[in-house]
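Quick notes on the structure that follows.
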Amino acid sequence: MRFVEGEERAHFRVGDIEKLEFEDKYFDAVLCVGVLEYLSDDTIALKEIARVLKPGGSAILTVPNMASPFALLEKAVIFIAKAFLKIPSSASGRDSLLFRDDITDRYYYPWRLNASLKNRGFKISKKIFHAYRLAFLNLLSARLSLSFAQRLEWLNKTPLSWMGVNYIVKATRK
């Protein structure tokens, strides 16, 4: 892409991912971070992303990784905390989203997201896993949580990289 003085290069808008207000094949790239896991169903959103992308355009999406043992442990701890410690859905504090019942928080199996993208005319260009952490540790100590995550970041360079809590995929529209 060549830069032309005064030409708009990026669009930042608040909108409905299930009803994007752009014409077909409008974008060279779409960045979708921290969105899909909060939808009850991502079918329409993925169709919309495919619709607004030009052929050869890329979508970069991030989702929580359900295959991660860290994610599974976190879900178990949250379940136990809610059930046995009687933590209310309106728990206060920075990490109260962990305990809210009114927020959809779906985790993805990476291979299922990949298959869903391929079914919508995408080719998976690149995929990585990220973050080896337990978010609930933030409730005890942000420093402890960060230290734990930093000490495990070496996993990203090994065959165990799939254990990352987040999955990032770059998909190119055919």
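So you can find residues: chains in the structure tokens are A, B, ... in the order shown, residues in each start at 1, and ligands are numbered from 1 in order.
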
Show which residues sit within 6 Å of region 124-128 of chain A, as a PyMOL selection string. Count only C-alpha atoms, and ignore same-chain residues fewer than 6 positions away.
chain A and resi 168-171

From a DSSP calculation on the backbone, collect every residue of region 10-96 of chain A in alpha helix (DSSP H) and output the set as an MDAnalysis selection string.
chainID A and resid 43:52 69:84

Using only C-alpha atoms, determine which residues lie at most 8 Å from region 70-73 of chain A, disregarding the query and same-chain residues fewer than 5 positions distant; provide the list as JSON, numbers by chain.
{"A": [64, 65, 132, 133, 134, 163, 164, 165]}

Just the residues within 8 Å of Ala45 (chain A), please, counting only C-alpha atoms, with nothing from its chain fewer than 6 positions along; format it as number ranges by chain.
A: 17-19, 36

Please provide the set of residues having any atom within 8 Å of Val30 (chain A), restricted to only C-alpha atoms, with same-chain residues fewer than 4 positions apart removed, written as a PyMOL selection string.
chain A and resi 49+53+58-60

Can I get the selection written as an mmCIF file, in the first residue's frame, with N, CA and C atoms?
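New file part.cif:
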data_model
loop_
_atom_site.group_PDB
_atom_site.id
_atom_site.type_symbol
_atom_site.label_atom_id
_atom_site.label_comp_id
_atom_site.auth_asym_id
_atom_site.auth_seq_id
_atom_site.Cartn_x
_atom_site.Cartn_y
_atom_site.Cartn_z
ATOM 1 N N ILE A 49 -16.662 -10.242 9.045
ATOM 2 C CA ILE A 49 -15.225 -10.005 8.852
ATOM 3 C C ILE A 49 -14.822 -10.447 7.453
ATOM 4 N N LEU A 53 -13.489 -7.858 4.183
ATOM 5 C CA LEU A 53 -12.085 -8.014 3.786
ATOM 6 C C LEU A 53 -11.945 -8.195 2.284
ATOM 7 N N SER A 58 -6.092 -9.719 5.355
ATOM 8 C CA SER A 58 -5.837 -10.535 6.542
ATOM 9 C C SER A 58 -6.704 -10.120 7.719
ATOM 10 N N ALA A 59 -7.107 -11.129 8.463
ATOM 11 C CA ALA A 59 -7.796 -10.908 9.733
ATOM 12 C C ALA A 59 -6.906 -11.473 10.829
ATOM 13 N N ILE A 60 -6.687 -10.689 11.857
ATOM 14 C CA ILE A 60 -5.943 -11.165 13.018
ATOM 15 C C ILE A 60 -6.926 -11.198 14.171
#

Students should find that CA of Leu144 (chain A) and CA of Trp162 (chain A) are spaced 22.7 Å

Interatomic distance between CA of Tyr26 (chain A) and CA of Pro55 (chain A)?
9.8 Å

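Considering the residues A:Ser68, A:Gln150, A:Thr43, A:Thr172 and counting only C-alpha atoms, Gly121 (chain A) has its shortest atom-to-atom contact with A:Thr172.
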
When DSSP works through the backbone of this structure, what residues of chain A end up as strand (DSSP E or B), shown as number ranges by chain?
A: 27-33, 53-65, 108, 122-130, 166-173

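CA of Ala50 (chain A) sits 7.9 Å away from CA of Phe122 (chain A).
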
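For the set A:Val63, A:Leu137, A:Leu155, A:Ala81, the residue with the smallest atom-to-atom gap to Arg112 (chain A) is A:Val63, counting only C-alpha atoms.
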
Would you kindly return, as a PyMOL selection string, each protein, DNA or RNA residue with an atom no farther than 10 Å from any atom of Lys54 (chain A), considering only C-alpha atoms and excluding same-chain residues fewer than 6 positions away?
chain A and resi 24-29+172-174

Selection export as a tab-separated table (two decimals), in the first residue's frame, atoms kept: C-alpha atoms:
chain	number	residue	atom	x	y	z
A	24	ASP	CA	-18.02	-5.49	0.81
A	25	LYS	CA	-14.26	-5.94	0.26
A	26	TYR	CA	-13.46	-2.62	1.94
A	27	PHE	CA	-10.48	-3.48	4.17
A	28	ASP	CA	-6.99	-4.82	3.62
A	29	ALA	CA	-6.90	-5.99	7.23
A	172	THR	CA	-5.97	-14.53	4.89
A	173	ARG	CA	-9.12	-14.25	2.81
A	174	LYS	CA	-8.92	-16.26	-0.40

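Every protein, DNA or RNA residue with an atom at most 8 Å from Arg120 (chain A), where only C-alpha atoms count and chain neighbours fewer than 2 positions away do not, is listed here: Leu46, Lys47, Ala50, Ser116, Leu117, Lys118 and Phe122 of chain A.
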
Take the selection from the previous step and output its residues with N, CA, C and O atoms, as an mmCIF file, in the first residue's frame.
data_model
loop_
_atom_site.group_PDB
_atom_site.id
_atom_site.type_symbol
_atom_site.label_atom_id
_atom_site.label_comp_id
_atom_site.auth_asym_id
_atom_site.auth_seq_id
_atom_site.Cartn_x
_atom_site.Cartn_y
_atom_site.Cartn_z
ATOM 1 N N LEU A 46 -17.959 -13.633 12.151
ATOM 2 C CA LEU A 46 -16.947 -14.139 11.218
ATOM 3 C C LEU A 46 -17.361 -13.929 9.764
ATOM 4 O O LEU A 46 -16.529 -13.624 8.905
ATOM 5 N N LYS A 47 -18.648 -14.051 9.486
ATOM 6 C CA LYS A 47 -19.150 -13.768 8.132
ATOM 7 C C LYS A 47 -18.936 -12.305 7.778
ATOM 8 O O LYS A 47 -18.560 -11.962 6.658
ATOM 9 N N ALA A 50 -15.273 -11.612 7.036
ATOM 10 C CA ALA A 50 -14.957 -12.108 5.683
ATOM 11 C C ALA A 50 -15.546 -11.179 4.619
ATOM 12 O O ALA A 50 -14.910 -10.903 3.602
ATOM 13 N N SER A 116 -13.481 -23.167 11.390
ATOM 14 C CA SER A 116 -14.544 -22.202 11.138
ATOM 15 C C SER A 116 -14.070 -21.130 10.152
ATOM 16 O O SER A 116 -14.805 -20.737 9.243
ATOM 17 N N LEU A 117 -12.848 -20.665 10.327
ATOM 18 C CA LEU A 117 -12.286 -19.671 9.404
ATOM 19 C C LEU A 117 -12.111 -20.262 8.007
ATOM 20 O O LEU A 117 -12.443 -19.617 7.007
ATOM 21 N N LYS A 118 -11.618 -21.481 7.918
ATOM 22 C CA LYS A 118 -11.430 -22.131 6.610
ATOM 23 C C LYS A 118 -12.773 -22.303 5.902
ATOM 24 O O LYS A 118 -12.870 -22.109 4.695
ATOM 25 N N PHE A 122 -11.141 -18.586 4.426
ATOM 26 C CA PHE A 122 -9.847 -18.103 4.889
ATOM 27 C C PHE A 122 -8.796 -19.197 4.812
ATOM 28 O O PHE A 122 -9.106 -20.379 4.918
#
